[in-house]
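Colleague: Below you'll find entry.pdb; it's PDB, C-alpha atoms.
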MODEL        1
ATOM      1  CA  MET A   1      38.415  95.412 -81.145
ATOM      2  CA  ARG A   2      38.731  99.092 -80.270
ATOM      3  CA  LYS A   3      37.020 100.046 -83.525
ATOM      4  CA  LEU A   4      34.155  97.669 -82.763
ATOM      5  CA  ALA A   5      33.831  98.986 -79.206
ATOM      6  CA  SER A   6      33.892 102.559 -80.484
ATOM      7  CA  ALA A   7      31.165 101.776 -83.001
ATOM      8  CA  ILE A   8      28.995 100.189 -80.316
ATOM      9  CA  LEU A   9      29.467 103.149 -77.989
ATOM     10  CA  SER A  10      28.659 105.585 -80.795
ATOM     11  CA  THR A  11      25.458 103.682 -81.510
ATOM     12  CA  VAL A  12      24.526 103.692 -77.832
ATOM     13  CA  ILE A  13      25.096 107.445 -77.540
ATOM     14  CA  ALA A  14      23.083 108.120 -80.689
ATOM     15  CA  THR A  15      20.250 105.933 -79.381
ATOM     16  CA  VAL A  16      20.197 107.763 -76.038
ATOM     17  CA  LEU A  17      20.072 111.163 -77.721
ATOM     18  CA  ALA A  18      17.352 110.055 -80.101
ATOM     19  CA  LEU A  19      15.194 108.774 -77.263
ATOM     20  CA  LEU A  20      15.692 111.889 -75.163
ATOM     21  CA  CYS A  21      14.736 114.096 -78.090
ATOM     22  CA  ALA A  22      11.802 111.980 -79.260
ATOM     23  CA  PRO A  23       9.348 111.061 -76.475
ATOM     24  CA  HIS A  24       7.066 109.385 -79.025
ATOM     25  CA  ALA A  25       9.753 106.708 -79.438
ATOM     26  CA  LEU A  26       9.405 105.453 -75.857
ATOM     27  CA  ALA A  27       8.709 101.754 -75.591
ATOM     28  CA  GLN A  28       5.667 100.570 -73.660
ATOM     29  CA  GLY A  29       5.395  97.355 -71.696
ATOM     30  CA  PRO A  30       8.647  95.486 -72.416
ATOM     31  CA  TRP A  31       8.560  91.767 -71.699
ATOM     32  CA  PHE A  32      10.113  92.112 -68.233
ATOM     33  CA  ASP A  33       7.876  94.961 -67.054
ATOM     34  CA  GLY A  34       5.826  92.968 -64.563
ATOM     35  CA  ALA A  35       8.816  91.183 -63.022
ATOM     36  CA  VAL A  36      11.278  93.919 -62.028
ATOM     37  CA  GLY A  37       9.353  95.731 -59.309
ATOM     38  CA  GLY A  38      10.391  99.351 -58.934
ATOM     39  CA  ALA A  39      13.701  99.020 -60.770
ATOM     40  CA  THR A  40      14.429 101.890 -63.144
ATOM     41  CA  GLN A  41      17.418 100.294 -64.891
ATOM     42  CA  VAL A  42      17.169  96.843 -66.466
ATOM     43  CA  ILE A  43      19.637  94.820 -68.491
ATOM     44  CA  ALA A  44      17.367  92.521 -70.489
ATOM     45  CA  VAL A  45      18.774  89.235 -71.810
ATOM     46  CA  ARG A  46      16.834  86.964 -74.154
ATOM     47  CA  GLY A  47      17.908  83.661 -75.617
ATOM     48  CA  SER A  48      18.296  83.380 -79.388
ATOM     49  CA  GLY A  49      19.317  79.724 -79.651
ATOM     50  CA  GLY A  50      21.844  77.525 -77.860
ATOM     51  CA  SER A  51      24.379  79.667 -76.041
ATOM     52  CA  ASP A  52      23.524  82.764 -78.101
ATOM     53  CA  ALA A  53      21.492  85.602 -76.658
ATOM     54  CA  THR A  54      20.733  89.284 -77.081
ATOM     55  CA  LEU A  55      21.178  92.024 -74.502
ATOM     56  CA  GLU A  56      19.506  95.423 -74.211
ATOM     57  CA  ALA A  57      19.717  98.252 -71.673
ATOM     58  CA  TRP A  58      16.418  99.795 -70.583
ATOM     59  CA  GLN A  59      15.727 102.896 -68.481
ATOM     60  CA  ARG A  60      12.390 103.805 -66.890
ATOM     61  CA  SER A  61      11.252 107.429 -66.711
ATOM     62  CA  PRO A  62       7.899 108.954 -65.703
ATOM     63  CA  LEU A  63       6.894 108.525 -69.354
ATOM     64  CA  GLY A  64       7.628 104.796 -69.448
ATOM     65  CA  TRP A  65      10.436 102.501 -70.523
ATOM     66  CA  HIS A  66      13.197 103.639 -72.920
ATOM     67  CA  ARG A  67      15.472 101.166 -74.668
ATOM     68  CA  ILE A  68      18.749 103.089 -74.558
ATOM     69  CA  SER A  69      21.093 100.648 -76.270
ATOM     70  CA  PRO A  70      21.106  98.754 -79.515
ATOM     71  CA  THR A  71      20.304  95.061 -79.353
ATOM     72  CA  LEU A  72      23.713  93.573 -78.599
ATOM     73  CA  PRO A  73      24.941  90.005 -79.110
ATOM     74  CA  ALA A  74      25.723  88.082 -75.924
ATOM     75  CA  LYS A  75      26.817  84.631 -74.850
ATOM     76  CA  VAL A  76      25.238  82.523 -72.102
ATOM     77  CA  GLY A  77      25.864  79.078 -70.659
ATOM     78  CA  ALA A  78      27.037  76.180 -72.794
ATOM     79  CA  ASP A  79      23.834  74.351 -71.812
ATOM     80  CA  GLY A  80      21.653  77.369 -72.550
ATOM     81  CA  PHE A  81      19.222  78.357 -69.801
ATOM     82  CA  THR A  82      17.894  76.782 -66.624
ATOM     83  CA  ASP A  83      15.031  77.610 -64.286
ATOM     84  CA  ALA A  84      17.301  77.239 -61.234
ATOM     85  CA  ALA A  85      21.058  77.632 -60.881
ATOM     86  CA  ARG A  86      23.036  74.616 -59.662
ATOM     87  CA  ASP A  87      26.717  74.056 -59.031
ATOM     88  CA  GLY A  88      28.488  72.327 -61.891
ATOM     89  CA  VAL A  89      25.757  72.963 -64.468
ATOM     90  CA  PRO A  90      26.910  75.352 -67.243
ATOM     91  CA  ALA A  91      23.509  76.968 -67.793
ATOM     92  CA  THR A  92      22.360  80.546 -67.228
ATOM     93  CA  PRO A  93      19.511  80.905 -64.721
ATOM     94  CA  GLU A  94      16.315  82.597 -65.836
ATOM     95  CA  GLY A  95      14.818  85.243 -63.593
ATOM     96  CA  VAL A  96      15.478  88.741 -62.282
ATOM     97  CA  PHE A  97      18.664  89.336 -60.305
ATOM     98  CA  SER A  98      20.194  92.350 -58.623
ATOM     99  CA  LEU A  99      23.357  94.004 -59.908
ATOM    100  CA  ASP A 100      25.011  95.181 -56.707
ATOM    101  CA  ALA A 101      28.711  95.589 -57.473
ATOM    102  CA  ALA A 102      31.347  95.477 -60.199
ATOM    103  CA  PHE A 103      34.962  94.376 -60.288
ATOM    104  CA  GLY A 104      37.784  93.776 -62.703
ATOM    105  CA  THR A 105      41.477  93.355 -63.314
ATOM    106  CA  ALA A 106      41.359  96.796 -64.964
ATOM    107  CA  GLY A 107      40.803 100.055 -63.117
ATOM    108  CA  ASN A 108      37.389 101.472 -62.281
ATOM    109  CA  PRO A 109      35.776 102.808 -65.483
ATOM    110  CA  GLY A 110      33.330 104.887 -63.449
ATOM    111  CA  GLY A 111      29.642 104.455 -62.717
ATOM    112  CA  GLY A 112      27.389 104.203 -59.708
ATOM    113  CA  LEU A 113      28.145 100.679 -58.487
ATOM    114  CA  PRO A 114      30.892  99.869 -55.964
ATOM    115  CA  TYR A 115      33.939  98.706 -57.911
ATOM    116  CA  ARG A 116      36.852  96.545 -56.769
ATOM    117  CA  LYS A 117      40.092  96.080 -58.693
ATOM    118  CA  VAL A 118      41.105  92.429 -58.381
ATOM    119  CA  GLY A 119      44.476  90.680 -58.525
ATOM    120  CA  PRO A 120      46.114  87.295 -57.955
ATOM    121  CA  ASN A 121      44.744  86.895 -54.407
ATOM    122  CA  ASP A 122      41.090  87.503 -55.303
ATOM    123  CA  TRP A 123      38.693  84.557 -55.413
ATOM    124  CA  TRP A 124      35.006  83.745 -55.640
ATOM    125  CA  ASP A 125      34.399  80.998 -53.091
ATOM    126  CA  GLY A 126      32.660  78.049 -54.774
ATOM    127  CA  ASP A 127      33.108  75.541 -51.958
ATOM    128  CA  PRO A 128      29.583  74.525 -50.810
ATOM    129  CA  ASP A 129      30.991  73.428 -47.436
ATOM    130  CA  SER A 130      32.564  76.827 -46.795
ATOM    131  CA  ALA A 131      31.070  79.458 -44.498
ATOM    132  CA  THR A 132      31.861  82.052 -47.180
ATOM    133  CA  TYR A 133      30.375  80.128 -50.120
ATOM    134  CA  ASN A 134      29.338  82.338 -53.056
ATOM    135  CA  THR A 135      31.187  85.441 -51.844
ATOM    136  CA  HIS A 136      34.316  87.333 -52.820
ATOM    137  CA  GLN A 137      37.370  86.387 -50.755
ATOM    138  CA  VAL A 138      40.996  87.506 -50.614
ATOM    139  CA  CYS A 139      43.778  85.028 -49.830
ATOM    140  CA  ALA A 140      47.054  83.907 -51.338
ATOM    141  CA  PRO A 141      46.807  80.746 -53.471
ATOM    142  CA  GLY A 142      47.414  77.709 -51.309
ATOM    143  CA  SER A 143      46.392  79.474 -48.097
ATOM    144  CA  CYS A 144      42.626  79.874 -48.470
ATOM    145  CA  ALA A 145      40.221  78.479 -45.886
ATOM    146  CA  PHE A 146      37.949  77.099 -48.625
ATOM    147  CA  ASP A 147      38.490  74.488 -51.330
ATOM    148  CA  GLU A 148      40.362  76.418 -54.009
ATOM    149  CA  SER A 149      39.754  73.730 -56.626
ATOM    150  CA  ALA A 150      36.009  74.383 -56.327
ATOM    151  CA  SER A 151      36.440  78.162 -56.507
ATOM    152  CA  GLU A 152      37.241  80.790 -59.143
ATOM    153  CA  GLU A 153      40.362  82.879 -59.366
ATOM    154  CA  LEU A 154      39.241  86.345 -60.467
ATOM    155  CA  GLU A 155      42.419  87.466 -62.196
ATOM    156  CA  ILE A 156      41.498  86.162 -65.662
ATOM    157  CA  PRO A 157      40.916  87.912 -69.024
ATOM    158  CA  ALA A 158      37.136  87.428 -68.904
ATOM    159  CA  TYR A 159      37.065  89.462 -65.716
ATOM    160  CA  ARG A 160      38.850  92.494 -67.056
ATOM    161  CA  TYR A 161      35.447  93.994 -66.250
ATOM    162  CA  ALA A 162      32.539  92.203 -64.570
ATOM    163  CA  VAL A 163      29.309  92.884 -62.720
ATOM    164  CA  VAL A 164      28.114  90.555 -59.963
ATOM    165  CA  MET A 165      24.690  89.020 -60.599
ATOM    166  CA  GLY A 166      22.711  88.359 -57.429
ATOM    167  CA  VAL A 167      22.134  84.653 -58.091
ATOM    168  CA  ASN A 168      21.724  82.532 -54.936
ATOM    169  CA  LYS A 169      22.148  85.503 -52.608
ATOM    170  CA  GLU A 170      20.932  83.251 -49.786
ATOM    171  CA  ARG A 171      24.086  81.170 -50.448
ATOM    172  CA  VAL A 172      22.272  77.843 -50.348
ATOM    173  CA  PRO A 173      24.985  75.158 -50.725
ATOM    174  CA  GLY A 174      24.914  73.715 -54.223
ATOM    175  CA  GLY A 175      22.561  76.442 -55.413
ATOM    176  CA  GLY A 176      25.063  78.015 -57.756
ATOM    177  CA  GLY A 177      27.548  80.828 -57.445
ATOM    178  CA  ALA A 178      29.957  83.088 -59.325
ATOM    179  CA  PHE A 179      27.417  84.367 -61.844
ATOM    180  CA  PHE A 180      28.668  87.520 -63.525
ATOM    181  CA  LEU A 181      28.073  89.774 -66.489
ATOM    182  CA  HIS A 182      31.581  89.773 -67.946
ATOM    183  CA  VAL A 183      33.730  90.263 -71.039
ATOM    184  CA  SER A 184      33.058  87.802 -73.847
ATOM    185  CA  ASN A 185      35.717  85.759 -75.623
ATOM    186  CA  GLY A 186      33.148  84.593 -78.182
ATOM    187  CA  GLU A 187      32.652  81.220 -76.510
ATOM    188  CA  PRO A 188      29.766  79.867 -74.372
ATOM    189  CA  THR A 189      30.079  80.575 -70.655
ATOM    190  CA  LEU A 190      29.738  78.376 -67.584
ATOM    191  CA  GLY A 191      26.437  80.115 -66.796
ATOM    192  CA  CYS A 192      27.393  83.777 -66.828
ATOM    193  CA  VAL A 193      26.302  86.378 -69.390
ATOM    194  CA  ALA A 194      29.094  87.753 -71.585
ATOM    195  CA  VAL A 195      29.241  90.769 -73.928
ATOM    196  CA  SER A 196      31.946  92.729 -75.707
ATOM    197  CA  GLU A 197      34.329  94.755 -73.558
ATOM    198  CA  GLY A 198      33.205  98.051 -75.086
ATOM    199  CA  ALA A 199      29.540  97.341 -74.367
ATOM    200  CA  LEU A 200      30.300  96.220 -70.823
ATOM    201  CA  VAL A 201      32.324  99.330 -70.010
ATOM    202  CA  TRP A 202      29.410 101.468 -71.180
ATOM    203  CA  LEU A 203      26.984  99.425 -69.085
ATOM    204  CA  ILE A 204      29.119  99.727 -65.948
ATOM    205  CA  ARG A 205      29.312 103.501 -66.389
ATOM    206  CA  TRP A 206      25.527 103.617 -66.786
ATOM    207  CA  LEU A 207      24.510 101.332 -63.923
ATOM    208  CA  GLN A 208      23.298 102.731 -60.604
ATOM    209  CA  PRO A 209      22.294 101.024 -57.331
ATOM    210  CA  GLY A 210      18.958  99.253 -57.705
ATOM    211  CA  ALA A 211      19.597  98.052 -61.248
ATOM    212  CA  VAL A 212      18.648  94.483 -62.177
ATOM    213  CA  ILE A 213      19.280  91.963 -64.919
ATOM    214  CA  ALA A 214      16.255  90.133 -66.347
ATOM    215  CA  ILE A 215      16.964  86.853 -68.145
ATOM    216  CA  ALA A 216      14.602  84.669 -70.177
ATOM    217  CA  ASP A 217      15.012  82.053 -72.885
TER     218      ASP A 217
ENDMDL
END
If you took the structure in this file and wrote it as structure tokens, what would it be?
Modeller:
Amino acid sequence: MRKLASAILSTVIATVLALLCAPHALAQGPWFDGAVGGATQVIAVRGSGGSDATLEAWQRSPLGWHRISPTLPAKVGADGFTDAARDGVPATPEGVFSLDAAFGTAGNPGGGLPYRKVGPNDWWDGDPDSATYNTHQVCAPGSCAFDESASEELEIPAYRYAVVMGVNKERVPGGGGAFFLHVSNGEPTLGCVAVSEGALVWLIRWLQPGAVIAIAD
């Protein structure tokens, strides 16, 4: 896996250098252009059939949009895509969502987003009757104020590294929660977006406040 991650990172670096040295290669008007407002960093996810997708990193400069990564394979929800997130439905919501923070069981790889190292007492509250629904919480198993069976323990391999997607930021009960960009195990997700660990580490190091993820089937 390290060789694969190294190859991906080498490709990313080569792509960045090529774009910086060749302004004529700048992309114009990517598909998400009219939907991301003033964002200058976009992770663009497009469906490619079933739970398969592609992911690209884009940067905006005064000259326009640059695609600064190769087109990477990704996994999405087992049920593909949905126009609106809902609890219990393993589909990835389409739309544009903020990327406000990162976390993981591993240490901070660097980057501009706030990063939290998580352990056995870290949860994402999935209880729609809880006052802290769809937020990160810390409590020992068996002592939490929310329904633990409806929530996610964050100390799992897929969350060695993860970025929080701003899905259902209003925390509407039943409107979906715990949507992350996380490490892929090669299988469909429950609605998250998953990529290789090497690609995700590079993305976390690249991301800055104000970045968004744009998702479309």
Colleague: What would the list of residues within 9 Å of (31.1, 75.8, -51.6) (file frame) look like as a list in words, if only C-alpha atoms are what count?
Modeller: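 Final list of nearby residues, as requested, is Asp87, Asp125, Gly126, Asp127, Pro128, Asp129, Ser130, Ala131, Thr132, Tyr133, Asn134, Phe146, Asp147, Ala150, Ser151, Arg171, Pro173, Gly174, Gly176 and Gly177 of chain A.
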Colleague: Can you tell me which residues surround A:Ala178 at a distance of at most 12 Å, considering only C-alpha atoms, apart from same-chain residues fewer than 5 positions away, and format the answer as number ranges by chain?
Modeller: A: 85-88, 90, 92-93, 123-127, 133-137, 150-154, 159, 162-169, 171, 189-193
Colleague: Go through A:Asn121, A:Ser51, A:Gln208, A:Gln59 and flag the residue nearest A:Ala78, using all atoms listed in the file for the distances.
Modeller: A:Ser51
Colleague: Between atom CA of A:Trp202 and atom CA of A:Arg46, what distance in Å does the model show, to one decimal?
Modeller: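 Taking atom CA of A:Trp202 as the start and atom CA of A:Arg46 as the end point, the length is 19.4 Å.
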Colleague: Select, from A:Gly34, A:Pro70, A:Gly64, A:Gly175, the residue with the minimum atom-to-atom distance to A:Val89, counting all atoms listed in the file.
Modeller: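 So, comparing all the options, the nearest one is A:Gly175.
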Colleague: Using the chain letters and numbers from the file, which residues does the PyMOL selection byres ((chain A and resi 104) around 9) grab, as a PyMOL selection string?
Modeller: chain A and resi 102-103+105-108+115-119+154-156+158-163
Colleague: Report the distance between atom CA of A:Asp100 and atom CA of A:Ser48 in Å, rounded to one decimal place.
Modeller: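 Interatomic distance here is 26.4 Å.
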Colleague: Given only C-alpha atoms as the basis, pick out the residue of A:Gly198, A:Pro120, A:Pro209, A:Pro114 nearest to A:Leu72.
Modeller: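 Between A:Gly198, A:Pro120, A:Pro209, A:Pro114, the residue approaching A:Leu72 most closely is A:Gly198.
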Colleague: Please return as number ranges by chain every residue within 9 Å of (14.9, 88.5, -63.6), taking into account only C-alpha atoms and the file's own coordinates.
Modeller: A: 32, 35-36, 44, 93-98, 212-216
Colleague: Would you work out the distance separating atom CA of A:Asp52 from atom CA of A:Glu187, expressed in Å to one decimal?
Modeller: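 Value for the atom CA of A:Asp52-atom CA of A:Glu187 distance: 9.4 Å.
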